[in-house]
>>> print(open('work.txt').read())   # compact mmCIF, N, CA, C and O atoms
# COMPACT_ATOMS: atom_id res chain seq x y z
N MET A 1407 -28.55 16.86 19.68
CA MET A 1407 -29.51 15.78 19.50
C MET A 1407 -29.08 14.97 18.28
O MET A 1407 -28.73 15.53 17.26
N THR A 1408 -29.13 13.68 18.40
CA THR A 1408 -28.78 12.82 17.28
C THR A 1408 -30.03 12.42 16.51
O THR A 1408 -31.15 12.57 16.99
N ARG A 1409 -29.82 11.90 15.32
CA ARG A 1409 -30.94 11.46 14.49
C ARG A 1409 -31.71 10.33 15.18
O ARG A 1409 -32.93 10.24 15.08
N VAL A 1410 -31.01 9.45 15.89
CA VAL A 1410 -31.66 8.35 16.59
C VAL A 1410 -32.64 8.89 17.64
O VAL A 1410 -33.78 8.42 17.75
N ILE A 1411 -32.18 9.89 18.38
CA ILE A 1411 -33.04 10.47 19.41
C ILE A 1411 -34.22 11.20 18.78
O ILE A 1411 -35.36 11.07 19.24
N SER A 1412 -33.96 11.93 17.71
CA SER A 1412 -35.06 12.66 17.07
C SER A 1412 -36.09 11.70 16.49
O SER A 1412 -37.29 11.93 16.59
N ASN A 1413 -35.64 10.59 15.91
CA ASN A 1413 -36.58 9.58 15.41
C ASN A 1413 -37.42 9.00 16.54
O ASN A 1413 -38.62 8.76 16.38
N ALA A 1414 -36.79 8.76 17.68
CA ALA A 1414 -37.51 8.22 18.83
C ALA A 1414 -38.57 9.21 19.33
O ALA A 1414 -39.69 8.81 19.66
N LEU A 1415 -38.24 10.49 19.34
CA LEU A 1415 -39.20 11.51 19.76
C LEU A 1415 -40.41 11.54 18.83
O LEU A 1415 -41.55 11.62 19.28
N VAL A 1416 -40.15 11.46 17.54
CA VAL A 1416 -41.25 11.49 16.57
C VAL A 1416 -42.11 10.23 16.71
O VAL A 1416 -43.34 10.32 16.65
N ARG A 1417 -41.49 9.08 16.93
CA ARG A 1417 -42.27 7.84 17.13
C ARG A 1417 -43.14 7.94 18.38
O ARG A 1417 -44.30 7.52 18.38
N MET A 1418 -42.60 8.50 19.45
CA MET A 1418 -43.39 8.65 20.68
C MET A 1418 -44.53 9.64 20.47
O MET A 1418 -45.63 9.45 20.99
N PHE A 1419 -44.27 10.69 19.71
CA PHE A 1419 -45.31 11.66 19.38
C PHE A 1419 -46.43 10.97 18.62
O PHE A 1419 -47.61 11.18 18.91
N GLU A 1420 -46.07 10.11 17.68
CA GLU A 1420 -47.09 9.38 16.92
C GLU A 1420 -47.88 8.43 17.84
O GLU A 1420 -49.10 8.29 17.69
N GLN A 1421 -47.21 7.79 18.77
CA GLN A 1421 -47.93 6.91 19.71
C GLN A 1421 -48.95 7.71 20.52
O GLN A 1421 -50.05 7.23 20.78
N ALA A 1422 -48.58 8.91 20.90
CA ALA A 1422 -49.52 9.77 21.64
C ALA A 1422 -50.72 10.12 20.77
O ALA A 1422 -51.86 10.10 21.24
N LEU A 1423 -50.47 10.42 19.50
CA LEU A 1423 -51.58 10.72 18.58
C LEU A 1423 -52.50 9.52 18.43
O LEU A 1423 -53.72 9.67 18.43
N LYS A 1424 -51.93 8.34 18.32
CA LYS A 1424 -52.75 7.12 18.21
C LYS A 1424 -53.62 6.95 19.45
O LYS A 1424 -54.80 6.59 19.35
N ALA A 1425 -53.04 7.20 20.61
CA ALA A 1425 -53.80 7.06 21.86
C ALA A 1425 -54.94 8.08 21.92
O ALA A 1425 -56.05 7.76 22.36
N ILE A 1426 -54.68 9.29 21.45
CA ILE A 1426 -55.71 10.33 21.48
C ILE A 1426 -56.87 9.97 20.57
O ILE A 1426 -58.03 10.23 20.89
N THR A 1427 -56.59 9.36 19.43
CA THR A 1427 -57.68 9.02 18.51
C THR A 1427 -58.65 8.03 19.13
O THR A 1427 -59.81 7.96 18.71
N ALA A 1428 -58.21 7.28 20.13
CA ALA A 1428 -59.07 6.29 20.78
C ALA A 1428 -59.96 6.90 21.86
O ALA A 1428 -60.87 6.24 22.36
N LEU A 1429 -59.72 8.15 22.21
CA LEU A 1429 -60.49 8.81 23.27
C LEU A 1429 -61.84 9.30 22.75
O LEU A 1429 -62.03 9.48 21.55
N GLU A 1430 -62.73 9.56 23.68
CA GLU A 1430 -64.01 10.18 23.35
C GLU A 1430 -63.73 11.62 22.90
O GLU A 1430 -62.78 12.24 23.37
N PRO A 1431 -64.56 12.16 22.02
CA PRO A 1431 -64.32 13.52 21.51
C PRO A 1431 -64.10 14.57 22.60
O PRO A 1431 -63.23 15.42 22.47
N GLY A 1432 -64.84 14.51 23.67
CA GLY A 1432 -64.70 15.50 24.74
C GLY A 1432 -63.39 15.39 25.51
O GLY A 1432 -63.00 16.33 26.21
N GLN A 1433 -62.72 14.28 25.40
CA GLN A 1433 -61.46 14.07 26.12
C GLN A 1433 -60.24 14.47 25.30
O GLN A 1433 -59.15 14.60 25.85
N LYS A 1434 -60.39 14.63 24.02
CA LYS A 1434 -59.25 14.84 23.13
C LYS A 1434 -58.64 16.23 23.23
O LYS A 1434 -57.42 16.39 23.10
N GLU A 1435 -59.45 17.25 23.45
CA GLU A 1435 -59.00 18.64 23.34
C GLU A 1435 -57.76 18.95 24.19
O GLU A 1435 -56.79 19.53 23.70
N ASP A 1436 -57.78 18.59 25.47
CA ASP A 1436 -56.65 18.89 26.35
C ASP A 1436 -55.37 18.22 25.87
O ASP A 1436 -54.29 18.82 25.90
N PHE A 1437 -55.49 16.98 25.42
CA PHE A 1437 -54.30 16.26 24.96
C PHE A 1437 -53.76 16.84 23.66
O PHE A 1437 -52.54 16.94 23.48
N VAL A 1438 -54.65 17.23 22.77
CA VAL A 1438 -54.22 17.83 21.51
C VAL A 1438 -53.51 19.16 21.79
O VAL A 1438 -52.48 19.45 21.17
N GLU A 1439 -54.02 19.93 22.73
CA GLU A 1439 -53.36 21.19 23.10
C GLU A 1439 -51.94 20.94 23.60
O GLU A 1439 -51.01 21.67 23.26
N ARG A 1440 -51.76 19.90 24.39
CA ARG A 1440 -50.42 19.56 24.89
C ARG A 1440 -49.50 19.18 23.75
O ARG A 1440 -48.34 19.59 23.71
N LEU A 1441 -50.01 18.37 22.84
CA LEU A 1441 -49.18 17.97 21.70
C LEU A 1441 -48.87 19.15 20.78
O LEU A 1441 -47.81 19.18 20.16
N GLU A 1442 -49.76 20.11 20.70
CA GLU A 1442 -49.49 21.32 19.92
C GLU A 1442 -48.27 22.05 20.50
O GLU A 1442 -47.43 22.55 19.76
N ARG A 1443 -48.19 22.12 21.83
CA ARG A 1443 -47.04 22.77 22.47
C ARG A 1443 -45.76 21.99 22.19
O ARG A 1443 -44.71 22.58 21.91
N VAL A 1444 -45.84 20.66 22.26
CA VAL A 1444 -44.67 19.83 21.97
C VAL A 1444 -44.25 20.02 20.51
O VAL A 1444 -43.07 20.16 20.21
N ARG A 1445 -45.23 20.02 19.62
CA ARG A 1445 -44.94 20.20 18.20
C ARG A 1445 -44.27 21.55 17.96
O ARG A 1445 -43.29 21.65 17.21
N HIS A 1446 -44.77 22.59 18.61
CA HIS A 1446 -44.17 23.92 18.46
C HIS A 1446 -42.70 23.89 18.90
O HIS A 1446 -41.82 24.42 18.22
N GLU A 1447 -42.43 23.29 20.05
CA GLU A 1447 -41.06 23.17 20.54
C GLU A 1447 -40.19 22.31 19.62
O GLU A 1447 -39.00 22.54 19.48
N GLY A 1448 -40.81 21.32 18.99
CA GLY A 1448 -40.08 20.42 18.10
C GLY A 1448 -39.37 21.14 16.97
O GLY A 1448 -38.35 20.67 16.46
N HIS A 1449 -39.88 22.31 16.60
CA HIS A 1449 -39.23 23.09 15.53
C HIS A 1449 -37.89 23.68 15.99
O HIS A 1449 -37.09 24.10 15.17
N ASN A 1450 -37.64 23.67 17.29
CA ASN A 1450 -36.36 24.17 17.83
C ASN A 1450 -35.33 23.06 18.02
O ASN A 1450 -34.20 23.35 18.41
N TRP A 1451 -35.70 21.81 17.79
CA TRP A 1451 -34.82 20.68 18.11
C TRP A 1451 -33.97 20.20 16.95
O TRP A 1451 -33.09 19.37 17.14
N GLY A 1452 -34.22 20.68 15.75
CA GLY A 1452 -33.42 20.25 14.61
C GLY A 1452 -33.84 18.90 14.06
O GLY A 1452 -34.83 18.31 14.50
N TRP A 1453 -33.09 18.44 13.07
CA TRP A 1453 -33.31 17.14 12.43
C TRP A 1453 -34.71 16.98 11.85
O TRP A 1453 -35.17 15.86 11.64
N GLY A 1454 -35.44 18.06 11.64
CA GLY A 1454 -36.77 17.97 11.05
C GLY A 1454 -37.85 17.45 11.97
O GLY A 1454 -38.92 17.06 11.52
N VAL A 1455 -37.57 17.46 13.27
CA VAL A 1455 -38.52 16.93 14.24
C VAL A 1455 -39.86 17.66 14.16
O VAL A 1455 -40.93 17.04 14.07
N GLY A 1456 -39.83 18.98 14.16
CA GLY A 1456 -41.06 19.76 14.08
C GLY A 1456 -41.83 19.50 12.80
O GLY A 1456 -43.06 19.37 12.82
N ASP A 1457 -41.12 19.39 11.70
CA ASP A 1457 -41.77 19.11 10.42
C ASP A 1457 -42.43 17.73 10.42
O ASP A 1457 -43.54 17.56 9.93
N ASP A 1458 -41.72 16.76 10.99
CA ASP A 1458 -42.30 15.41 11.09
C ASP A 1458 -43.55 15.41 11.97
O ASP A 1458 -44.54 14.76 11.65
N MET A 1459 -43.49 16.15 13.05
CA MET A 1459 -44.66 16.25 13.94
C MET A 1459 -45.80 16.97 13.24
O MET A 1459 -46.97 16.57 13.40
N ASP A 1460 -45.49 18.00 12.46
CA ASP A 1460 -46.53 18.69 11.67
C ASP A 1460 -47.23 17.69 10.76
O ASP A 1460 -48.47 17.66 10.69
N ASN A 1461 -46.44 16.90 10.05
CA ASN A 1461 -47.00 15.93 9.11
C ASN A 1461 -47.88 14.90 9.82
O ASN A 1461 -48.94 14.52 9.30
N LEU A 1462 -47.46 14.47 11.00
CA LEU A 1462 -48.26 13.50 11.75
C LEU A 1462 -49.57 14.11 12.24
O LEU A 1462 -50.62 13.44 12.21
N MET A 1463 -49.53 15.36 12.67
CA MET A 1463 -50.77 16.03 13.10
C MET A 1463 -51.76 16.08 11.96
O MET A 1463 -52.97 15.86 12.16
N VAL A 1464 -51.30 16.36 10.74
CA VAL A 1464 -52.17 16.38 9.58
C VAL A 1464 -52.66 14.98 9.28
O VAL A 1464 -53.87 14.76 9.06
N GLU A 1465 -51.76 14.01 9.29
CA GLU A 1465 -52.13 12.62 8.99
C GLU A 1465 -53.22 12.09 9.92
O GLU A 1465 -54.13 11.38 9.50
N TYR A 1466 -53.15 12.47 11.19
CA TYR A 1466 -54.12 11.98 12.17
C TYR A 1466 -55.35 12.89 12.30
O TYR A 1466 -56.22 12.66 13.12
N GLY A 1467 -55.40 13.94 11.47
CA GLY A 1467 -56.59 14.78 11.43
C GLY A 1467 -56.67 15.85 12.50
O GLY A 1467 -57.75 16.41 12.73
N PHE A 1468 -55.56 16.19 13.14
CA PHE A 1468 -55.57 17.20 14.18
C PHE A 1468 -55.05 18.55 13.70
O PHE A 1468 -54.94 19.49 14.48
N ALA A 1469 -54.69 18.64 12.43
CA ALA A 1469 -54.22 19.90 11.84
C ALA A 1469 -54.47 19.83 10.34
O ALA A 1469 -54.66 18.75 9.78
N GLU A 1470 -54.45 21.00 9.73
CA GLU A 1470 -54.61 21.08 8.28
C GLU A 1470 -53.26 21.41 7.66
O GLU A 1470 -52.43 22.03 8.29
N GLU A 1471 -53.09 21.00 6.41
CA GLU A 1471 -51.82 21.29 5.72
C GLU A 1471 -51.66 22.75 5.45
O GLU A 1471 -52.52 23.50 5.31
>>> encode(input="work.txt", output="structure tokens")
Amino acid sequence: MTRVISNALVRMFEQALKAITALEPGQKEDFVERLERVRHEGHNWGWGVGDDMDNLMVEYGFAEE
């Protein structure tokens, strides 16, 4: 994986987080669970992808530091 691809993955992850914040509270849970699985896998991809996803989850209020 190149840095360009990893940056694109993190940007898409952030777009998904932005979309989730616009949902009603009852609709968010399933999507957050999916992103949690993606974030977990991101730690296996290198280039700090998982760490960047961790930081975004905290920034958007879906995880604690």
>>> closest_residue(input="work.txt", among="A:Glu1430, A:Asp1436, A:Glu1447, A:Glu1420", to="Val1464 of chain A", atoms="only C-alpha atoms")
A:Glu1420
>>> atom_distance(input="work.txt", atom1="atom CA of Gly1432 of chain A", atom2="atom CA of Asp1457 of chain A")
27.3 Å
>>> residues_around(input="work.txt", residues="Ala1425 of chain A", least_positions_apart="5", cutoff="10 Å", atoms="only C-alpha atoms", output="list in words")
Phe1419, Glu1420, Lys1434 and Phe1437 of chain A
>>> atom_distance(input="work.txt", atom1="atom CA of Met1418 of chain A", atom2="atom CA of Asn1450 of chain A")
17.3 Å
>>> select_by_dssp(input="work.txt", residues="chain A", states="alpha helix (DSSP H)", output="CSV table (one decimal) with N, CA, C and O atoms, keeping the file's coordinate frame")
chain,number,residue,atom,x,y,z
A,1409,ARG,N,-29.8,11.9,15.3
A,1409,ARG,CA,-30.9,11.5,14.5
A,1409,ARG,C,-31.7,10.3,15.2
A,1409,ARG,O,-32.9,10.2,15.1
A,1410,VAL,N,-31.0,9.4,15.9
A,1410,VAL,CA,-31.7,8.4,16.6
A,1410,VAL,C,-32.6,8.9,17.6
A,1410,VAL,O,-33.8,8.4,17.8
A,1411,ILE,N,-32.2,9.9,18.4
A,1411,ILE,CA,-33.0,10.5,19.4
A,1411,ILE,C,-34.2,11.2,18.8
A,1411,ILE,O,-35.4,11.1,19.2
A,1412,SER,N,-34.0,11.9,17.7
A,1412,SER,CA,-35.1,12.7,17.1
A,1412,SER,C,-36.1,11.7,16.5
A,1412,SER,O,-37.3,11.9,16.6
A,1413,ASN,N,-35.6,10.6,15.9
A,1413,ASN,CA,-36.6,9.6,15.4
A,1413,ASN,C,-37.4,9.0,16.5
A,1413,ASN,O,-38.6,8.8,16.4
A,1414,ALA,N,-36.8,8.8,17.7
A,1414,ALA,CA,-37.5,8.2,18.8
A,1414,ALA,C,-38.6,9.2,19.3
A,1414,ALA,O,-39.7,8.8,19.7
A,1415,LEU,N,-38.2,10.5,19.3
A,1415,LEU,CA,-39.2,11.5,19.8
A,1415,LEU,C,-40.4,11.5,18.8
A,1415,LEU,O,-41.6,11.6,19.3
A,1416,VAL,N,-40.2,11.5,17.5
A,1416,VAL,CA,-41.2,11.5,16.6
A,1416,VAL,C,-42.1,10.2,16.7
A,1416,VAL,O,-43.3,10.3,16.6
A,1417,ARG,N,-41.5,9.1,16.9
A,1417,ARG,CA,-42.3,7.8,17.1
A,1417,ARG,C,-43.1,7.9,18.4
A,1417,ARG,O,-44.3,7.5,18.4
A,1418,MET,N,-42.6,8.5,19.4
A,1418,MET,CA,-43.4,8.6,20.7
A,1418,MET,C,-44.5,9.6,20.5
A,1418,MET,O,-45.6,9.4,21.0
A,1419,PHE,N,-44.3,10.7,19.7
A,1419,PHE,CA,-45.3,11.7,19.4
A,1419,PHE,C,-46.4,11.0,18.6
A,1419,PHE,O,-47.6,11.2,18.9
A,1420,GLU,N,-46.1,10.1,17.7
A,1420,GLU,CA,-47.1,9.4,16.9
A,1420,GLU,C,-47.9,8.4,17.8
A,1420,GLU,O,-49.1,8.3,17.7
A,1421,GLN,N,-47.2,7.8,18.8
A,1421,GLN,CA,-47.9,6.9,19.7
A,1421,GLN,C,-49.0,7.7,20.5
A,1421,GLN,O,-50.0,7.2,20.8
A,1422,ALA,N,-48.6,8.9,20.9
A,1422,ALA,CA,-49.5,9.8,21.6
A,1422,ALA,C,-50.7,10.1,20.8
A,1422,ALA,O,-51.9,10.1,21.2
A,1423,LEU,N,-50.5,10.4,19.5
A,1423,LEU,CA,-51.6,10.7,18.6
A,1423,LEU,C,-52.5,9.5,18.4
A,1423,LEU,O,-53.7,9.7,18.4
A,1424,LYS,N,-51.9,8.3,18.3
A,1424,LYS,CA,-52.8,7.1,18.2
A,1424,LYS,C,-53.6,7.0,19.4
A,1424,LYS,O,-54.8,6.6,19.4
A,1425,ALA,N,-53.0,7.2,20.6
A,1425,ALA,CA,-53.8,7.1,21.9
A,1425,ALA,C,-54.9,8.1,21.9
A,1425,ALA,O,-56.0,7.8,22.4
A,1426,ILE,N,-54.7,9.3,21.4
A,1426,ILE,CA,-55.7,10.3,21.5
A,1426,ILE,C,-56.9,10.0,20.6
A,1426,ILE,O,-58.0,10.2,20.9
A,1427,THR,N,-56.6,9.4,19.4
A,1427,THR,CA,-57.7,9.0,18.5
A,1427,THR,C,-58.6,8.0,19.1
A,1427,THR,O,-59.8,8.0,18.7
A,1431,PRO,N,-64.6,12.2,22.0
A,1431,PRO,CA,-64.3,13.5,21.5
A,1431,PRO,C,-64.1,14.6,22.6
A,1431,PRO,O,-63.2,15.4,22.5
A,1432,GLY,N,-64.8,14.5,23.7
A,1432,GLY,CA,-64.7,15.5,24.7
A,1432,GLY,C,-63.4,15.4,25.5
A,1432,GLY,O,-63.0,16.3,26.2
A,1433,GLN,N,-62.7,14.3,25.4
A,1433,GLN,CA,-61.5,14.1,26.1
A,1433,GLN,C,-60.2,14.5,25.3
A,1433,GLN,O,-59.2,14.6,25.8
A,1434,LYS,N,-60.4,14.6,24.0
A,1434,LYS,CA,-59.2,14.8,23.1
A,1434,LYS,C,-58.6,16.2,23.2
A,1434,LYS,O,-57.4,16.4,23.1
A,1435,GLU,N,-59.4,17.2,23.4
A,1435,GLU,CA,-59.0,18.6,23.3
A,1435,GLU,C,-57.8,19.0,24.2
A,1435,GLU,O,-56.8,19.5,23.7
A,1436,ASP,N,-57.8,18.6,25.5
A,1436,ASP,CA,-56.6,18.9,26.4
A,1436,ASP,C,-55.4,18.2,25.9
A,1436,ASP,O,-54.3,18.8,25.9
A,1437,PHE,N,-55.5,17.0,25.4
A,1437,PHE,CA,-54.3,16.3,25.0
A,1437,PHE,C,-53.8,16.8,23.7
A,1437,PHE,O,-52.5,16.9,23.5
A,1438,VAL,N,-54.6,17.2,22.8
A,1438,VAL,CA,-54.2,17.8,21.5
A,1438,VAL,C,-53.5,19.2,21.8
A,1438,VAL,O,-52.5,19.4,21.2
A,1439,GLU,N,-54.0,19.9,22.7
A,1439,GLU,CA,-53.4,21.2,23.1
A,1439,GLU,C,-51.9,20.9,23.6
A,1439,GLU,O,-51.0,21.7,23.3
A,1440,ARG,N,-51.8,19.9,24.4
A,1440,ARG,CA,-50.4,19.6,24.9
A,1440,ARG,C,-49.5,19.2,23.8
A,1440,ARG,O,-48.3,19.6,23.7
A,1441,LEU,N,-50.0,18.4,22.8
A,1441,LEU,CA,-49.2,18.0,21.7
A,1441,LEU,C,-48.9,19.2,20.8
A,1441,LEU,O,-47.8,19.2,20.2
A,1442,GLU,N,-49.8,20.1,20.7
A,1442,GLU,CA,-49.5,21.3,19.9
A,1442,GLU,C,-48.3,22.0,20.5
A,1442,GLU,O,-47.4,22.6,19.8
A,1443,ARG,N,-48.2,22.1,21.8
A,1443,ARG,CA,-47.0,22.8,22.5
A,1443,ARG,C,-45.8,22.0,22.2
A,1443,ARG,O,-44.7,22.6,21.9
A,1444,VAL,N,-45.8,20.7,22.3
A,1444,VAL,CA,-44.7,19.8,22.0
A,1444,VAL,C,-44.2,20.0,20.5
A,1444,VAL,O,-43.1,20.2,20.2
A,1445,ARG,N,-45.2,20.0,19.6
A,1445,ARG,CA,-44.9,20.2,18.2
A,1445,ARG,C,-44.3,21.6,18.0
A,1445,ARG,O,-43.3,21.6,17.2
A,1446,HIS,N,-44.8,22.6,18.6
A,1446,HIS,CA,-44.2,23.9,18.5
A,1446,HIS,C,-42.7,23.9,18.9
A,1446,HIS,O,-41.8,24.4,18.2
A,1447,GLU,N,-42.4,23.3,20.0
A,1447,GLU,CA,-41.1,23.2,20.5
A,1447,GLU,C,-40.2,22.3,19.6
A,1447,GLU,O,-39.0,22.5,19.5
A,1448,GLY,N,-40.8,21.3,19.0
A,1448,GLY,CA,-40.1,20.4,18.1
A,1448,GLY,C,-39.4,21.1,17.0
A,1448,GLY,O,-38.4,20.7,16.5
A,1455,VAL,N,-37.6,17.5,13.3
A,1455,VAL,CA,-38.5,16.9,14.2
A,1455,VAL,C,-39.9,17.7,14.2
A,1455,VAL,O,-40.9,17.0,14.1
A,1456,GLY,N,-39.8,19.0,14.2
A,1456,GLY,CA,-41.1,19.8,14.1
A,1456,GLY,C,-41.8,19.5,12.8
A,1456,GLY,O,-43.1,19.4,12.8
A,1457,ASP,N,-41.1,19.4,11.7
A,1457,ASP,CA,-41.8,19.1,10.4
A,1457,ASP,C,-42.4,17.7,10.4
A,1457,ASP,O,-43.5,17.6,9.9
A,1458,ASP,N,-41.7,16.8,11.0
A,1458,ASP,CA,-42.3,15.4,11.1
A,1458,ASP,C,-43.6,15.4,12.0
A,1458,ASP,O,-44.5,14.8,11.6
A,1459,MET,N,-43.5,16.2,13.0
A,1459,MET,CA,-44.7,16.2,13.9
A,1459,MET,C,-45.8,17.0,13.2
A,1459,MET,O,-47.0,16.6,13.4
A,1460,ASP,N,-45.5,18.0,12.5
A,1460,ASP,CA,-46.5,18.7,11.7
A,1460,ASP,C,-47.2,17.7,10.8
A,1460,ASP,O,-48.5,17.7,10.7
A,1461,ASN,N,-46.4,16.9,10.0
A,1461,ASN,CA,-47.0,15.9,9.1
A,1461,ASN,C,-47.9,14.9,9.8
A,1461,ASN,O,-48.9,14.5,9.3
A,1462,LEU,N,-47.5,14.5,11.0
A,1462,LEU,CA,-48.3,13.5,11.8
A,1462,LEU,C,-49.6,14.1,12.2
A,1462,LEU,O,-50.6,13.4,12.2
A,1463,MET,N,-49.5,15.4,12.7
A,1463,MET,CA,-50.8,16.0,13.1
A,1463,MET,C,-51.8,16.1,12.0
A,1463,MET,O,-53.0,15.9,12.2
A,1464,VAL,N,-51.3,16.4,10.7
A,1464,VAL,CA,-52.2,16.4,9.6
A,1464,VAL,C,-52.7,15.0,9.3
A,1464,VAL,O,-53.9,14.8,9.1
A,1465,GLU,N,-51.8,14.0,9.3
A,1465,GLU,CA,-52.1,12.6,9.0
A,1465,GLU,C,-53.2,12.1,9.9
A,1465,GLU,O,-54.1,11.4,9.5
>>> atom_distance(input="work.txt", atom1="atom CA of Met1459 of chain A", atom2="atom CA of Arg1445 of chain A")
5.8 Å
>>> residues_around(input="work.txt", residues="segment 1410-1417 of chain A", least_positions_apart="5", cutoff="10 Å", atoms="only C-alpha atoms", output="PyMOL selection string")
chain A and resi 1422-1423+1445+1448+1451-1459+1462
>>> residues_around(input="work.txt", residues="Glu1471 of chain A", least_positions_apart="3", cutoff="8 Å", atoms="only N, CA, C and O atoms", output="PyMOL selection string")
chain A and resi 1460-1461+1463-1465+1468
>>> axis_aligned_box(input="work.txt", around="segment 1427-1440 of chain A", padding_each_side="5 Å", output="JSON")
{"center_x": -56.6, "center_y": 14.0, "center_z": 22.4, "size_x": 26.5, "size_y": 25.4, "size_z": 17.8}
>>> closest_residue(input="work.txt", among="A:Leu1441, A:Gly1467, A:Thr1408, A:His1446", to="Thr1427 of chain A", atoms="only C-alpha atoms")
A:Gly1467
